[in-house]
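Novice: model34.json is reproduced in full below (JSON, C-alpha atoms).
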```
[["chain", "number", "residue", "atom", "x", "y", "z"],
["A", 26, "MET", "CA", -5.10, 3.80, -1.49],
["A", 27, "GLU", "CA", -3.38, 1.98, -4.36],
["A", 28, "ALA", "CA", -6.54, 0.22, -5.55],
["A", 29, "ASN", "CA", -5.19, -0.24, -9.09],
["A", 30, "LYS", "CA", -2.66, -2.72, -7.73],
["A", 31, "ILE", "CA", -5.43, -5.15, -6.81],
["A", 32, "LYS", "CA", -7.78, -6.87, -9.25],
["A", 33, "GLY", "CA", -11.18, -6.87, -7.63],
["A", 34, "GLU", "CA", -12.23, -5.37, -4.34],
["A", 35, "ALA", "CA", -9.48, -3.43, -2.58],
["A", 36, "LYS", "CA", -9.48, -2.23, 1.01],
["A", 37, "SER", "CA", -7.23, 0.01, 3.05],
["A", 38, "ILE", "CA", -6.14, 0.21, 6.64],
["A", 39, "VAL", "CA", -4.28, 2.87, 8.60],
["A", 40, "LEU", "CA", -1.74, 1.39, 10.99],
["A", 41, "ASP", "CA", -1.06, 2.77, 14.44],
["A", 42, "ASN", "CA", 1.96, 4.66, 13.05],
["A", 43, "GLY", "CA", -0.22, 6.46, 10.49],
["A", 44, "VAL", "CA", 0.82, 4.40, 7.45],
["A", 45, "GLU", "CA", -1.96, 3.46, 5.02],
["A", 46, "LEU", "CA", -1.76, 0.00, 3.47],
["A", 47, "THR", "CA", -3.84, -1.36, 0.60],
["A", 48, "TYR", "CA", -4.98, -4.96, 0.83],
["A", 49, "CYS", "CA", -7.50, -7.51, -0.38],
["A", 50, "GLU", "CA", -9.35, -10.12, 1.62],
["A", 51, "ARG", "CA", -10.75, -13.49, 0.61],
["A", 52, "GLY", "CA", -12.13, -16.55, 2.42],
["A", 53, "GLU", "CA", -13.59, -14.66, 5.38],
["A", 54, "GLN", "CA", -15.55, -17.77, 6.34],
["A", 55, "ASN", "CA", -12.36, -19.65, 7.24],
["A", 56, "LYS", "CA", -10.63, -19.61, 10.62],
["A", 57, "GLU", "CA", -6.93, -20.03, 9.86],
["A", 58, "VAL", "CA", -5.18, -17.02, 8.36],
["A", 59, "ILE", "CA", -2.73, -16.67, 5.48],
["A", 60, "LEU", "CA", -0.94, -13.38, 4.87],
["A", 61, "SER", "CA", 0.73, -12.72, 1.53],
["A", 62, "GLY", "CA", 2.68, -9.68, 0.38],
["A", 63, "ALA", "CA", 3.31, -8.52, -3.19],
["A", 64, "PHE", "CA", 3.85, -5.35, -5.21],
["A", 65, "TYR", "CA", 0.45, -5.98, -6.82],
["A", 66, "PHE", "CA", -2.27, -8.63, -7.01],
["A", 67, "HIS", "CA", -3.57, -9.20, -10.53],
["A", 68, "THR", "CA", -2.23, -12.35, -12.17],
["A", 69, "PHE", "CA", -1.48, -13.67, -8.67],
["A", 70, "MET", "CA", -5.11, -13.25, -7.63],
["A", 71, "PRO", "CA", -6.17, -16.76, -8.77],
["A", 72, "VAL", "CA", -3.65, -18.14, -6.27],
["A", 73, "LEU", "CA", -5.19, -16.11, -3.43],
["A", 74, "GLU", "CA", -8.69, -17.14, -4.43],
["A", 75, "CYS", "CA", -7.77, -20.82, -4.46],
["A", 76, "LEU", "CA", -6.02, -20.48, -1.09],
["A", 77, "ALA", "CA", -9.24, -18.90, 0.21],
["A", 78, "GLU", "CA", -11.07, -22.19, -0.27],
["A", 79, "LYS", "CA", -9.43, -23.33, 2.99],
["A", 80, "TYR", "CA", -7.94, -20.21, 4.60],
["A", 81, "HIS", "CA", -8.81, -16.61, 5.44],
["A", 82, "VAL", "CA", -6.42, -14.83, 3.08],
["A", 83, "TYR", "CA", -5.12, -11.27, 3.12],
["A", 84, "GLY", "CA", -3.04, -9.93, 0.23],
["A", 85, "ILE", "CA", -1.04, -6.88, 1.34],
["A", 86, "VAL", "CA", 0.46, -4.43, -1.16],
["A", 87, "MET", "CA", 4.17, -3.81, -0.59],
["A", 88, "ARG", "CA", 4.55, -0.04, -0.91],
["A", 89, "PHE", "CA", 7.33, 2.32, -2.03],
["A", 90, "ASP", "CA", 6.24, 5.58, -0.44],
["A", 91, "GLY", "CA", 4.78, 7.06, 2.72],
["A", 92, "LYS", "CA", 6.15, 7.20, 6.23],
["A", 93, "THR", "CA", 8.99, 4.79, 6.96],
["A", 94, "ASP", "CA", 10.96, 3.82, 10.06],
["A", 95, "GLN", "CA", 13.31, 1.10, 8.76],
["A", 96, "LEU", "CA", 16.28, 3.20, 7.72],
["A", 97, "ASN", "CA", 19.76, 2.66, 6.34],
["A", 98, "ALA", "CA", 22.75, 4.48, 7.83],
["A", 99, "ASP", "CA", 22.40, 7.20, 5.18],
["A", 100, "GLY", "CA", 18.76, 7.87, 6.10],
["A", 101, "THR", "CA", 17.22, 6.14, 3.10],
["A", 102, "THR", "CA", 14.54, 3.52, 3.61],
["A", 103, "HIS", "CA", 15.56, -0.11, 3.92],
["A", 104, "TRP", "CA", 12.57, -1.40, 2.00],
["A", 105, "ALA", "CA", 13.12, -5.10, 2.64],
["A", 106, "ARG", "CA", 12.77, -4.49, 6.36],
["A", 107, "GLN", "CA", 10.03, -1.92, 5.89],
["A", 108, "TRP", "CA", 7.83, -4.38, 4.02],
["A", 109, "GLY", "CA", 8.22, -6.86, 6.86],
["A", 110, "SER", "CA", 7.49, -4.20, 9.44],
["A", 111, "ASP", "CA", 4.36, -3.21, 7.51],
["A", 112, "VAL", "CA", 3.04, -6.76, 7.44],
["A", 113, "LEU", "CA", 3.67, -7.14, 11.17],
["A", 114, "GLY", "CA", 1.87, -3.83, 11.76],
["A", 115, "PHE", "CA", -1.03, -5.08, 9.64],
["A", 116, "ALA", "CA", -1.31, -8.32, 11.63],
["A", 117, "GLU", "CA", -1.22, -6.46, 14.93],
["A", 118, "LYS", "CA", -3.81, -3.90, 13.79],
["A", 119, "MET", "CA", -6.13, -6.66, 12.59],
["A", 120, "GLY", "CA", -5.68, -8.64, 15.80],
["A", 121, "ILE", "CA", -4.05, -11.60, 14.05],
["A", 122, "GLY", "CA", -1.81, -13.37, 16.56],
["A", 123, "LYS", "CA", -0.59, -16.26, 14.41],
["A", 124, "PHE", "CA", -0.71, -16.87, 10.70],
["A", 125, "HIS", "CA", 0.76, -18.71, 7.76],
["A", 126, "TYR", "CA", 2.81, -16.55, 5.42],
["A", 127, "VAL", "CA", 2.82, -17.36, 1.70],
["A", 128, "GLY", "CA", 5.15, -15.42, -0.58],
["A", 129, "LYS", "CA", 6.37, -15.80, -4.13],
["A", 130, "CYS", "CA", 9.60, -14.16, -5.34],
["A", 131, "HIS", "CA", 9.68, -10.56, -3.99],
["A", 132, "GLY", "CA", 6.66, -11.43, -1.87],
["A", 133, "THR", "CA", 8.78, -13.73, 0.29],
["A", 134, "VAL", "CA", 10.84, -10.85, 1.70],
["A", 135, "PRO", "CA", 8.33, -9.81, 4.43],
["A", 136, "GLY", "CA", 8.15, -13.44, 5.50],
["A", 137, "TRP", "CA", 11.89, -13.57, 6.09],
["A", 138, "TYR", "CA", 11.72, -10.37, 8.13],
["A", 139, "ILE", "CA", 8.96, -11.85, 10.30],
["A", 140, "LEU", "CA", 10.87, -15.13, 10.65],
["A", 141, "LYS", "CA", 13.85, -13.15, 11.95],
["A", 142, "ASN", "CA", 11.99, -10.76, 14.24],
["A", 143, "ARG", "CA", 8.71, -12.40, 15.30],
["A", 144, "PRO", "CA", 8.95, -16.13, 14.52],
["A", 145, "GLU", "CA", 6.38, -16.95, 17.19],
["A", 146, "MET", "CA", 3.72, -15.35, 14.97],
["A", 147, "LEU", "CA", 4.40, -17.73, 12.08],
["A", 148, "GLU", "CA", 2.60, -21.05, 11.83],
["A", 149, "THR", "CA", 4.46, -21.81, 8.60],
["A", 150, "PHE", "CA", 6.34, -19.87, 5.92],
["A", 151, "ALA", "CA", 6.06, -20.75, 2.22],
["A", 152, "SER", "CA", 9.02, -19.11, 0.48],
["A", 153, "PHE", "CA", 8.34, -19.94, -3.17],
["A", 154, "PHE", "CA", 10.78, -19.35, -6.04],
["A", 155, "LEU", "CA", 13.18, -17.42, -3.80],
["A", 156, "ALA", "CA", 15.59, -18.21, -0.97],
["A", 157, "PRO", "CA", 18.14, -16.01, 0.80],
["A", 158, "HIS", "CA", 21.22, -15.37, -1.35],
["A", 159, "VAL", "CA", 24.15, -16.30, 0.84],
["A", 160, "LYS", "CA", 26.47, -17.47, -1.94],
["A", 161, "GLY", "CA", 27.83, -15.75, -5.02],
["A", 162, "GLN", "CA", 25.55, -15.16, -8.01],
["A", 163, "ASN", "CA", 25.98, -17.80, -10.73],
["A", 164, "SER", "CA", 24.59, -15.83, -13.68],
["A", 165, "ASN", "CA", 22.40, -12.83, -14.45],
["A", 166, "ARG", "CA", 20.01, -14.08, -17.13],
["A", 167, "TRP", "CA", 16.80, -12.88, -15.41],
["A", 168, "PHE", "CA", 17.85, -9.26, -15.08],
["A", 169, "GLU", "CA", 19.40, -9.33, -18.54],
["A", 170, "LEU", "CA", 16.01, -10.38, -19.89],
["A", 171, "LEU", "CA", 14.30, -7.66, -17.87],
["A", 172, "SER", "CA", 16.58, -4.97, -19.25],
["A", 173, "GLY", "CA", 16.88, -6.36, -22.77],
["A", 174, "GLY", "CA", 13.79, -4.67, -24.14],
["A", 175, "ASP", "CA", 12.41, -7.80, -25.81],
["A", 176, "ALA", "CA", 9.15, -8.44, -23.97],
["A", 177, "THR", "CA", 8.41, -11.54, -26.06],
["A", 178, "GLU", "CA", 11.67, -13.22, -25.11],
["A", 179, "MET", "CA", 11.16, -12.24, -21.50],
["A", 180, "MET", "CA", 7.67, -13.72, -21.36],
["A", 181, "ARG", "CA", 8.76, -16.88, -23.15],
["A", 182, "ALA", "CA", 11.40, -17.45, -20.49],
["A", 183, "ALA", "CA", 8.96, -16.63, -17.67],
["A", 184, "MET", "CA", 5.98, -18.83, -18.59],
["A", 185, "ARG", "CA", 5.11, -22.00, -20.50],
["A", 186, "LYS", "CA", 1.68, -21.09, -21.90],
["A", 187, "PRO", "CA", 1.42, -18.38, -24.58],
["A", 188, "GLU", "CA", -2.04, -17.30, -23.39],
["A", 189, "GLY", "CA", -0.45, -16.03, -20.19],
["A", 190, "VAL", "CA", 1.21, -13.21, -22.13],
["A", 191, "LYS", "CA", -2.15, -11.51, -22.68],
["A", 192, "ALA", "CA", -2.95, -11.68, -18.98],
["A", 193, "LYS", "CA", 0.44, -10.30, -18.04],
["A", 194, "MET", "CA", 0.12, -7.43, -20.51],
["A", 195, "ALA", "CA", -3.33, -6.61, -19.12],
["A", 196, "GLU", "CA", -1.85, -6.58, -15.64],
["A", 197, "MET", "CA", 0.89, -4.14, -16.60],
["A", 198, "ALA", "CA", -1.65, -1.89, -18.30],
["A", 199, "ALA", "CA", -3.79, -1.87, -15.16],
["A", 200, "ILE", "CA", -1.02, -0.99, -12.73],
["A", 201, "GLY", "CA", 0.81, 1.43, -15.05],
["A", 202, "ASN", "CA", 4.46, 2.27, -14.60],
["A", 203, "ASN", "CA", 4.27, 3.13, -10.92],
["A", 204, "VAL", "CA", 5.82, -0.17, -9.87],
["A", 205, "THR", "CA", 9.22, 0.91, -11.13],
["A", 206, "ASN", "CA", 11.36, 1.93, -8.19],
["A", 207, "PRO", "CA", 15.11, 1.88, -7.48],
["A", 208, "ALA", "CA", 14.41, -0.31, -4.45],
["A", 209, "VAL", "CA", 13.20, -3.18, -6.62],
["A", 210, "PRO", "CA", 16.54, -4.54, -7.89],
["A", 211, "GLN", "CA", 18.23, -3.78, -4.57],
["A", 212, "TYR", "CA", 15.76, -5.44, -2.22],
["A", 213, "ALA", "CA", 13.15, -7.43, -4.11],
["A", 214, "GLY", "CA", 15.35, -10.50, -4.49],
["A", 215, "SER", "CA", 17.39, -10.01, -1.34],
["A", 216, "PRO", "CA", 15.73, -11.58, 1.71],
["A", 217, "GLU", "CA", 19.17, -12.01, 3.25],
["A", 218, "THR", "CA", 19.34, -8.22, 3.75],
["A", 219, "VAL", "CA", 16.88, -8.37, 6.63],
["A", 220, "TRP", "CA", 19.87, -9.65, 8.61],
["A", 221, "ASP", "CA", 22.91, -7.50, 9.35],
["A", 222, "SER", "CA", 25.30, -9.96, 7.70],
["A", 223, "ILE", "CA", 25.41, -13.06, 5.52],
["A", 224, "GLU", "CA", 26.87, -14.96, 8.45],
["A", 225, "GLU", "CA", 23.84, -14.10, 10.60],
["A", 226, "CYS", "CA", 21.52, -15.21, 7.81],
["A", 227, "GLU", "CA", 23.31, -18.55, 7.41],
["A", 228, "LYS", "CA", 23.14, -19.14, 11.16],
["A", 229, "ALA", "CA", 19.43, -18.31, 11.22],
["A", 230, "LEU", "CA", 18.70, -20.80, 8.43],
["A", 231, "LYS", "CA", 20.42, -23.58, 10.34],
["A", 232, "GLU", "CA", 18.57, -22.78, 13.57],
["A", 233, "VAL", "CA", 15.10, -21.86, 12.26],
["A", 234, "THR", "CA", 12.17, -23.18, 14.28],
["A", 235, "VAL", "CA", 9.38, -22.20, 11.84],
["A", 236, "PRO", "CA", 8.42, -24.75, 9.16],
["A", 237, "VAL", "CA", 9.78, -23.39, 5.86],
["A", 238, "GLY", "CA", 8.65, -24.59, 2.44],
["A", 239, "TYR", "CA", 10.57, -23.94, -0.78],
["A", 240, "LEU", "CA", 9.20, -24.32, -4.30],
["A", 241, "PHE", "CA", 11.29, -23.92, -7.45],
["A", 242, "GLY", "CA", 10.85, -24.57, -11.16],
["A", 243, "THR", "CA", 13.73, -26.05, -13.13],
["A", 244, "GLU", "CA", 13.20, -23.66, -16.06],
["A", 245, "ASP", "CA", 13.05, -20.51, -13.98],
["A", 246, "PRO", "CA", 16.08, -18.36, -14.93],
["A", 247, "LEU", "CA", 16.28, -17.06, -11.36],
["A", 248, "PHE", "CA", 16.70, -20.61, -10.07],
["A", 249, "ASP", "CA", 19.91, -20.94, -12.08],
["A", 250, "ASP", "CA", 21.04, -17.35, -11.52],
["A", 251, "PHE", "CA", 21.30, -18.10, -7.80],
["A", 252, "LEU", "CA", 21.76, -21.86, -7.98],
["A", 253, "ASP", "CA", 24.47, -22.07, -5.30],
["A", 254, "SER", "CA", 22.40, -19.99, -2.87],
["A", 255, "ASN", "CA", 19.26, -22.00, -3.59],
["A", 256, "MET", "CA", 21.01, -25.31, -3.05],
["A", 257, "PHE", "CA", 22.59, -24.03, 0.16],
["A", 258, "ALA", "CA", 19.18, -22.97, 1.47],
["A", 259, "ILE", "CA", 17.57, -26.25, 0.45],
["A", 260, "ARG", "CA", 20.24, -28.25, 2.25],
["A", 261, "ASN", "CA", 20.78, -26.02, 5.28],
["A", 262, "THR", "CA", 17.39, -24.60, 6.29],
["A", 263, "LYS", "CA", 16.55, -26.67, 9.35],
["A", 264, "GLY", "CA", 13.62, -28.98, 8.69],
["A", 265, "ALA", "CA", 12.69, -27.35, 5.38],
["A", 266, "ARG", "CA", 10.48, -29.02, 2.80],
["A", 267, "THR", "CA", 11.57, -28.43, -0.80],
["A", 268, "VAL", "CA", 9.76, -29.20, -4.05],
["A", 269, "ILE", "CA", 11.46, -28.73, -7.42],
["A", 270, "LEU", "CA", 9.07, -29.00, -10.36],
["A", 271, "GLY", "CA", 10.48, -30.03, -13.71],
["A", 272, "GLY", "CA", 9.63, -27.67, -16.55],
["A", 273, "GLU", "CA", 7.99, -24.94, -14.49],
["A", 274, "ARG", "CA", 9.04, -21.31, -14.97],
["A", 275, "HIS", "CA", 9.03, -18.14, -12.92],
["A", 276, "LEU", "CA", 5.43, -17.10, -13.61],
["A", 277, "MET", "CA", 4.02, -20.42, -12.55],
["A", 278, "GLU", "CA", 0.97, -18.65, -11.12],
["A", 279, "LEU", "CA", -0.03, -17.86, -14.72],
["A", 280, "ASP", "CA", 0.60, -21.34, -16.10],
["A", 281, "CYS", "CA", -1.00, -23.35, -13.29],
["A", 282, "PRO", "CA", -2.16, -21.44, -10.18],
["A", 283, "GLU", "CA", -3.85, -24.55, -8.79],
["A", 284, "ARG", "CA", -0.51, -26.34, -8.73],
["A", 285, "VAL", "CA", 1.05, -23.53, -6.70],
["A", 286, "VAL", "CA", -1.86, -23.69, -4.25],
["A", 287, "ASN", "CA", -1.67, -27.47, -3.97],
["A", 288, "GLU", "CA", 1.96, -27.14, -2.93],
["A", 289, "VAL", "CA", 0.97, -24.63, -0.22],
["A", 290, "PHE", "CA", -1.77, -26.94, 1.08],
["A", 291, "THR", "CA", 0.51, -29.98, 1.07],
["A", 292, "PHE", "CA", 3.34, -28.08, 2.77],
["A", 293, "ILE", "CA", 1.07, -26.85, 5.58],
["A", 294, "GLU", "CA", -0.48, -30.30, 6.05],
["A", 295, "GLU", "CA", 2.93, -31.99, 6.13],
["A", 296, "SER", "CA", 4.24, -29.44, 8.65],
["A", 297, "ARG", "CA", 1.68, -30.71, 11.15],
["A", 298, "LYS", "CA", 2.97, -34.27, 11.10],
["A", 299, "ASN", "CA", 5.52, -35.43, 13.62],
["A", 300, "TYR", "CA", 7.74, -37.68, 11.55]]
```
What would the structure in this file look like if it were written as structure tokens?
Specialist:
Amino acid sequence: MEANKIKGEAKSIVLDNGVELTYCERGEQNKEVILSGAFYFHTFMPVLECLAEKYHVYGIVMRFDGKTDQLNADGTTHWARQWGSDVLGFAEKMGIGKFHYVGKCHGTVPGWYILKNRPEMLETFASFFLAPHVKGQNSNRWFELLSGGDATEMMRAAMRKPEGVKAKMAEMAAIGNNVTNPAVPQYAGSPETVWDSIEECEKALKEVTVPVGYLFGTEDPLFDDFLDSNMFAIRNTKGARTVILGGERHLMELDCPERVVNEVFTFIEESRKNY
């Protein structure tokens, strides 16, 4: 069990295929379920805890090892699809028939897999700060910051409030270096890869039946890096609700977790109205 990837109580479950997943659970008193995937739950935990005021929330760690069955042609694991398969396996093992899925950045990828393969299980899908990349990349500032070696510059671009840096550094110290994996740059920002082609992904966006909610911040480098793809998704995802917040950056969960949660609540409430 990867308990260090969760701040607070961590649990584990063994799926029917023998895979062990680490997860956290909040808001057990609530009836409706939210599932959320992420590489780790530390600075994102305040978001889960706020969501748990209204929903029964499960945070599921997206793994990089263990038994896999979502394979590329060369026999390597297709992690984007594996994460989605894991979350589906979790829901089935826990007896969860329908749920809301809330993901942020890399955490949206399982949601896209479920939307493609088992849309009937999704009440709604909040895909925050990331949309499928079906158009060419506009720039590469985010990954240049990641690889530049200047943590201060990176954090300044990622969050508004300086006090968030301390929390982020504490998070990295807690989880260690075991989140580094070659699959991260290949799949973490690539929800479109759960489809076999870009054309299939575009078609799926235009025909989606699940309520999809997008949230972006205007000062998030990733928003501009994939601006054409983001605007295509905003304009072409059937029935989508999109909120673009002026001045917000990529680590919005550090600057104002309550604002992220309010957007989830509003999106779900609005999805229930027949306009």
Novice: Nearest to Phe248 (chain A): which of A:Ala265, A:Ala156, A:Met119, A:Val190 is it, counting all atoms listed in the file?
Specialist: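 Smallest distance to Phe248 (chain A) is found for A:Ala156.
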Novice: One decimal, in Å: what's the spacing between CA of Glu288 (chain A) and CA of Pro157 (chain A)?
Specialist: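 A separation of 20.0 Å between them.
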Novice: In Å, rounded to a single decimal, give me how far CA of Val285 (chain A) is from CA of Lys298 (chain A).
Specialist: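 We find that CA of Lys298 (chain A) and CA of Val285 (chain A) lie 20.9 Å from each other.
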Novice: Grab the CA of Ala28 (chain A) to CA of Thr47 (chain A) distance for me, in Å with one decimal place.
Specialist: 6.9 Å
Novice: I'd like the neighbourhood of Lys228 (chain A) as a list of chain:residue names, where a residue qualifies if any of its atoms comes within 12 Å (using only C-alpha atoms), though same-chain residues fewer than 5 positions away should be ignored.
Specialist: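 Contacts, with the query itself left out: A:Lys141, A:Pro157, A:Val159, A:Glu217, A:Trp220, A:Asp221, A:Ser222, A:Ile223, A:Val233, A:Ala258, A:Asn261, A:Thr262, A:Lys263.
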Novice: Can you write just those residues out, C-alpha atoms, as a PDB file, in the frame of the given file?
Specialist:
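The resulting file, again-v3.pdb, is reproduced below:
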```pdb
ATOM      1  CA  LYS A 141      13.850 -13.150  11.950  1.00  0.00           C
ATOM      2  CA  PRO A 157      18.140 -16.010   0.800  1.00  0.00           C
ATOM      3  CA  VAL A 159      24.150 -16.300   0.840  1.00  0.00           C
ATOM      4  CA  GLU A 217      19.170 -12.010   3.250  1.00  0.00           C
ATOM      5  CA  TRP A 220      19.870  -9.650   8.610  1.00  0.00           C
ATOM      6  CA  ASP A 221      22.910  -7.500   9.350  1.00  0.00           C
ATOM      7  CA  SER A 222      25.300  -9.960   7.700  1.00  0.00           C
ATOM      8  CA  ILE A 223      25.410 -13.060   5.520  1.00  0.00           C
ATOM      9  CA  VAL A 233      15.100 -21.860  12.260  1.00  0.00           C
ATOM     10  CA  ALA A 258      19.180 -22.970   1.470  1.00  0.00           C
ATOM     11  CA  ASN A 261      20.780 -26.020   5.280  1.00  0.00           C
ATOM     12  CA  THR A 262      17.390 -24.600   6.290  1.00  0.00           C
ATOM     13  CA  LYS A 263      16.550 -26.670   9.350  1.00  0.00           C
TER      14      LYS A 263
END
```
Novice: Taking (-6.0, 5.2, -5.4) as a centre in this file's frame and 12 Å as the limit, can you find every polymer residue with an atom that close, using only C-alpha atoms, and give them as a list in words?
Specialist: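 Here is the list of nearby residues: Met26, Glu27, Ala28, Asn29, Lys30, Ile31, Ala35, Lys36, Ser37, Glu45, Leu46, Thr47, Tyr48, Ile200 and Asn203 of chain A.
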Novice: Set the distance at 10 Å and use all atoms listed in the file: which residues neighbour Val286 (chain A) once local chain neighbours fewer than 4 positions away are removed? I'd like the list as a VMD selection string.
Specialist: chain A and resid 71 to 77 127 278 281 to 282 290 to 292
Novice: So, counting only C-alpha atoms, which residue among A:Ile38, A:Leu252, A:Val237, A:Val268 is closest to Ser164 (chain A)?
Specialist: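 Of all the options, A:Leu252 lies closest to Ser164 (chain A).
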Novice: Restricting the calculation to all atoms listed in the file, which member of A:Arg297, A:Asp249, A:Asn42, A:His275 is positioned closest to Asn165 (chain A)?
Specialist: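 The answer is A:Asp249, which sits nearest to Asn165 (chain A).
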Novice: Where atoms are missing, can you supply N, CA and C atoms for region 220-235 of chain A and output the lot as a short mmCIF file (atom, residue, chain, number, x, y, z; two decimals), in the frame of the given file?
Specialist:
```
data_model
loop_
_atom_site.label_atom_id
_atom_site.label_comp_id
_atom_site.auth_asym_id
_atom_site.auth_seq_id
_atom_site.Cartn_x
_atom_site.Cartn_y
_atom_site.Cartn_z
N TRP A 220 18.85 -9.44 7.59
CA TRP A 220 19.87 -9.65 8.61
C TRP A 220 21.00 -8.65 8.41
N ASP A 221 21.81 -8.46 9.43
CA ASP A 221 22.91 -7.50 9.35
C ASP A 221 24.10 -8.04 8.58
N SER A 222 24.18 -9.36 8.42
CA SER A 222 25.30 -9.96 7.70
C SER A 222 24.89 -11.30 7.11
N ILE A 223 25.65 -11.74 6.12
CA ILE A 223 25.41 -13.06 5.52
C ILE A 223 25.62 -14.15 6.56
N GLU A 224 26.60 -13.97 7.42
CA GLU A 224 26.87 -14.96 8.45
C GLU A 224 25.68 -15.14 9.39
N GLU A 225 25.03 -14.02 9.75
CA GLU A 225 23.84 -14.10 10.60
C GLU A 225 22.70 -14.81 9.89
N CYS A 226 22.57 -14.56 8.59
CA CYS A 226 21.52 -15.21 7.81
C CYS A 226 21.76 -16.72 7.75
N GLU A 227 22.98 -17.12 7.47
CA GLU A 227 23.31 -18.55 7.41
C GLU A 227 23.00 -19.22 8.75
N LYS A 228 23.38 -18.58 9.83
CA LYS A 228 23.14 -19.14 11.16
C LYS A 228 21.64 -19.28 11.42
N ALA A 229 20.87 -18.27 11.01
CA ALA A 229 19.43 -18.31 11.22
C ALA A 229 18.79 -19.46 10.45
N LEU A 230 19.24 -19.70 9.21
CA LEU A 230 18.70 -20.80 8.43
C LEU A 230 18.91 -22.14 9.14
N LYS A 231 20.08 -22.31 9.71
CA LYS A 231 20.42 -23.58 10.34
C LYS A 231 19.73 -23.78 11.68
N GLU A 232 19.19 -22.69 12.24
CA GLU A 232 18.57 -22.78 13.57
C GLU A 232 17.07 -22.47 13.55
N VAL A 233 16.49 -22.28 12.36
CA VAL A 233 15.10 -21.86 12.26
C VAL A 233 14.16 -22.86 12.95
N THR A 234 13.15 -22.33 13.60
CA THR A 234 12.17 -23.18 14.28
C THR A 234 10.83 -23.18 13.57
N VAL A 235 10.63 -22.28 12.60
CA VAL A 235 9.38 -22.20 11.84
C VAL A 235 9.46 -23.15 10.65
#
```
